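Comments concern the structure below.
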Amino acid sequence: MNFLAHLYLSGNDSDIQLGNFIGDFVKGRNLLEQYQPGIAKGIELHRAIDEFTDKHPVVKQSKVRLREKYHHYSPVIVDIFYDHYLAKSWDRFHQTFLPDYAEEVYKMVLSRENILPEKVKWMMPYMIKQNWLVNYARLDGIGRVLSGMSRRTPYESKMHEAVEDLKFSYDDFEKEFFDFFPELEKFSAKFLSDDR
């Protein structure tokens with residue numbers, strides 16, 4: 001899953017949200033030596049979500065549709081596609097209007113700038129200026145995100161072309177998202193309720 005899903009699946013605890021948000025940028029297992037407990041739990045949740053998602057048979061269907069063209073970039077592309085469906089259907093999942101939710105998230109993350117990984121500090125101005133979390137709901141927004149990622153990959157990824165694949169198989173990806181996401185919600189809620 002990508003940024004919006006990770007944030008949403010964190011619930012309302014800002015420490016867990018922050019940890020889940022920065023999870024891709026944190027290395028190592030000694031999380032409690034690096035961060036306070038809530039942030040560490042958010043990072044653990046991020047890793048658990050990624051593992052659950054990568055192994056799920058419905059997600060594998062989505063990835064297979066892209067694998068021949070995009071190879072090992074197909075899981076990254078599927079994560080972004082799924083954030084599109086979450087953003088587009090946001091009012092089915094959350095009572096806060098998505099632009100307001102995004103603004104709250106950006107403020108929360110910037111308020112903790114002193115503990116952000118360097119790559120997150122570098123990324124945040126771009127994320128805010130282009131309002132990624134809100135623009136995931138639009139196909140042109142997804143296109144911009146994928147084009148930006150394509151420019152940053154060390155090898156030719158063709159990710160800038162992936163929005164055309166999304167359009168071509170739009171209903172299939174959407175069905176897979178809605179088949180999968182309720183299971184991920186339950187998994188994440190259980191993870192958060194368990195004592196760790």
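All residue names refer to the structure tokens as shown: chains lettered A, B, ... in order, residues numbered from 1 in each chain, ligands numbered from 1 in order.
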Check your understanding: If you count only C-alpha atoms, which residues fall within 12 Å of A:Lys60, apart from same-chain ones fewer than 3 positions away, as a ChimeraX atom specification?
Key -> /A:52-57,63-67,74-75,78-79,173,176-177,180
Nearby residues (only C-alpha atoms) at most 9 Å from stretch 101-113 of chain A, same-chain spacing under 5 positions excluded, as a CSV table (one decimal) with N, CA and C atoms, in the first residue's frame:
```
chain,number,residue,atom,x,y,z
A,4,LEU,N,-1.4,7.0,1.5
A,4,LEU,CA,-2.7,7.3,2.0
A,4,LEU,C,-3.3,6.1,2.7
A,7,LEU,N,-1.5,5.7,6.2
A,7,LEU,CA,-2.0,6.7,7.1
A,7,LEU,C,-3.4,6.3,7.6
A,14,SER,N,-1.6,9.9,16.4
A,14,SER,CA,-0.6,10.6,15.5
A,14,SER,C,0.8,10.0,15.5
A,17,GLN,N,0.4,7.0,13.2
A,17,GLN,CA,0.3,7.6,11.9
A,17,GLN,C,1.7,7.9,11.4
A,18,LEU,N,2.5,8.7,12.2
A,18,LEU,CA,3.8,9.1,11.7
A,18,LEU,C,4.7,7.9,11.5
A,21,PHE,N,3.7,6.3,8.3
A,21,PHE,CA,4.0,7.1,7.2
A,21,PHE,C,5.5,7.0,6.8
A,96,THR,N,-13.9,12.4,7.7
A,96,THR,CA,-13.2,13.7,7.4
A,96,THR,C,-13.0,13.9,5.9
A,120,VAL,N,12.5,11.7,3.9
A,120,VAL,CA,11.1,12.2,4.1
A,120,VAL,C,11.1,13.8,4.2
A,121,LYS,N,12.2,14.3,4.8
A,121,LYS,CA,12.3,15.8,4.8
A,121,LYS,C,12.4,16.3,3.4
A,124,MET,N,8.8,15.9,1.5
A,124,MET,CA,7.6,16.6,2.0
A,124,MET,C,7.2,17.9,1.2
A,127,MET,N,5.4,16.7,-1.9
A,127,MET,CA,4.1,16.0,-1.5
A,127,MET,C,3.1,17.1,-1.2
A,128,ILE,N,3.5,18.1,-0.5
A,128,ILE,CA,2.5,19.2,-0.1
A,128,ILE,C,2.2,20.0,-1.3
A,131,ASN,N,0.1,18.1,-3.5
A,131,ASN,CA,-1.0,17.5,-2.7
A,131,ASN,C,-1.3,16.1,-3.1
A,132,TRP,N,-0.3,15.3,-3.0
A,132,TRP,CA,-0.4,13.9,-3.4
A,132,TRP,C,-1.6,13.2,-2.8
A,133,LEU,N,-1.8,13.3,-1.5
A,133,LEU,CA,-2.9,12.5,-0.9
A,133,LEU,C,-4.2,12.8,-1.5
A,134,VAL,N,-4.5,14.0,-1.9
A,134,VAL,CA,-5.8,14.4,-2.5
A,134,VAL,C,-5.8,14.0,-4.0
```
Fewer than 3 positions away in the same chain doesn't count, so skip those; otherwise give me all residues within 12 Å of A:Phe187, counting only C-alpha atoms, as a PDB file with C-alpha atoms, in the first residue's frame.
```pdb
ATOM      1  CA  LEU A   9      -4.897   2.169   8.510  1.00  0.00           C
ATOM      2  CA  SER A  10      -3.112   3.795  11.463  1.00  0.00           C
ATOM      3  CA  LEU A  45       2.465  -1.772  11.488  1.00  0.00           C
ATOM      4  CA  HIS A  46       3.835  -0.454   8.189  1.00  0.00           C
ATOM      5  CA  ALA A  48       3.188  -5.870   8.755  1.00  0.00           C
ATOM      6  CA  ILE A  49       0.860  -4.207   6.205  1.00  0.00           C
ATOM      7  CA  ASP A  50       3.496  -4.563   3.473  1.00  0.00           C
ATOM      8  CA  GLU A  51       4.040  -8.241   4.278  1.00  0.00           C
ATOM      9  CA  PHE A  52       0.296  -8.988   4.404  1.00  0.00           C
ATOM     10  CA  THR A  53      -0.251  -7.137   1.119  1.00  0.00           C
ATOM     11  CA  HIS A  56      -2.297 -11.715  -0.530  1.00  0.00           C
ATOM     12  CA  PHE A 180      -8.722  -7.007  -0.705  1.00  0.00           C
ATOM     13  CA  PHE A 181      -8.965  -3.811   1.324  1.00  0.00           C
ATOM     14  CA  PRO A 182     -11.566  -4.913   3.926  1.00  0.00           C
ATOM     15  CA  GLU A 183      -9.272  -7.809   4.827  1.00  0.00           C
ATOM     16  CA  LEU A 184      -6.359  -5.406   5.218  1.00  0.00           C
ATOM     17  CA  LYS A 190      -6.125  -6.521  14.983  1.00  0.00           C
ATOM     18  CA  PHE A 191      -2.444  -5.550  14.854  1.00  0.00           C
ATOM     19  CA  LEU A 192      -3.200  -2.278  16.634  1.00  0.00           C
ATOM     20  CA  SER A 193      -5.352  -3.964  19.297  1.00  0.00           C
ATOM     21  CA  ASP A 194      -2.695  -6.579  20.130  1.00  0.00           C
TER      22      ASP A 194
END
```
Practice item. Using DSSP on the backbone coordinates, identify the residues of stretch 68-181 of chain A assigned to helix (DSSP H, G or I); present them as a ChimeraX atom specification. Key: /A:68-88,90-92,98-111,113-115,118-129,132-135,139-152,159-168,170-181
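Nearest to A:Met123 of all the residues A:Gly148, A:Gly19, A:Pro99, A:Gly143 is A:Gly148, counting only C-alpha atoms.
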Review point. Within 10 Å of A:Phe178, counting only C-alpha atoms, which residues qualify if same-chain residues fewer than 6 places away don't, as a ChimeraX atom specification?
Key: /A:58,82,85-86
Selected residues written out, C-alpha atoms, as a PDB file, in the first residue's frame:
```pdb
ATOM      1  CA  VAL A  58      -5.942 -10.842  -4.709  1.00  0.00           C
ATOM      2  CA  TYR A  82      -4.912   0.995  -4.740  1.00  0.00           C
ATOM      3  CA  TYR A  85      -9.307   3.759  -5.330  1.00  0.00           C
ATOM      4  CA  LEU A  86      -9.061   4.613  -1.638  1.00  0.00           C
TER       5      LEU A  86
END
```
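Neighbours of A:Val26 closer than or equal to 10 Å, with only C-alpha atoms counted and sequence neighbours fewer than 3 positions away skipped, come out as Gly19, Ile22, Gly23, Arg29, Leu31, Gln34, Ala40, Ile43, Leu116, Pro117 and Lys119 of chain A.
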Check your understanding: Skipping near chain neighbours, those fewer than 3 positions away, what residues fall within 8 Å of A:Lys88 using only C-alpha atoms, listed as a list in words?
Key -> His84, Tyr85, Tyr136, Ala137 and Arg138 of chain A
Practice item. Give me the residues within 6 Å of A:Gly38 as a PyMOL selection string, counting only C-alpha atoms and dropping any in the same chain fewer than 2 places off. Key: chain A and resi 15-16+36+40-41
Keeping C-alpha atoms for every residue in the selection just given, could you write it to a file as a PDB file, in the first residue's frame?
```pdb
ATOM      1  CA  ASP A  15       2.458   8.684  16.718  1.00  0.00           C
ATOM      2  CA  ILE A  16       1.290   5.515  14.974  1.00  0.00           C
ATOM      3  CA  GLN A  36       9.287   6.499  21.078  1.00  0.00           C
ATOM      4  CA  ALA A  40       7.947   2.370  16.675  1.00  0.00           C
ATOM      5  CA  LYS A  41       4.588   0.575  16.665  1.00  0.00           C
TER       6      LYS A  41
END
```
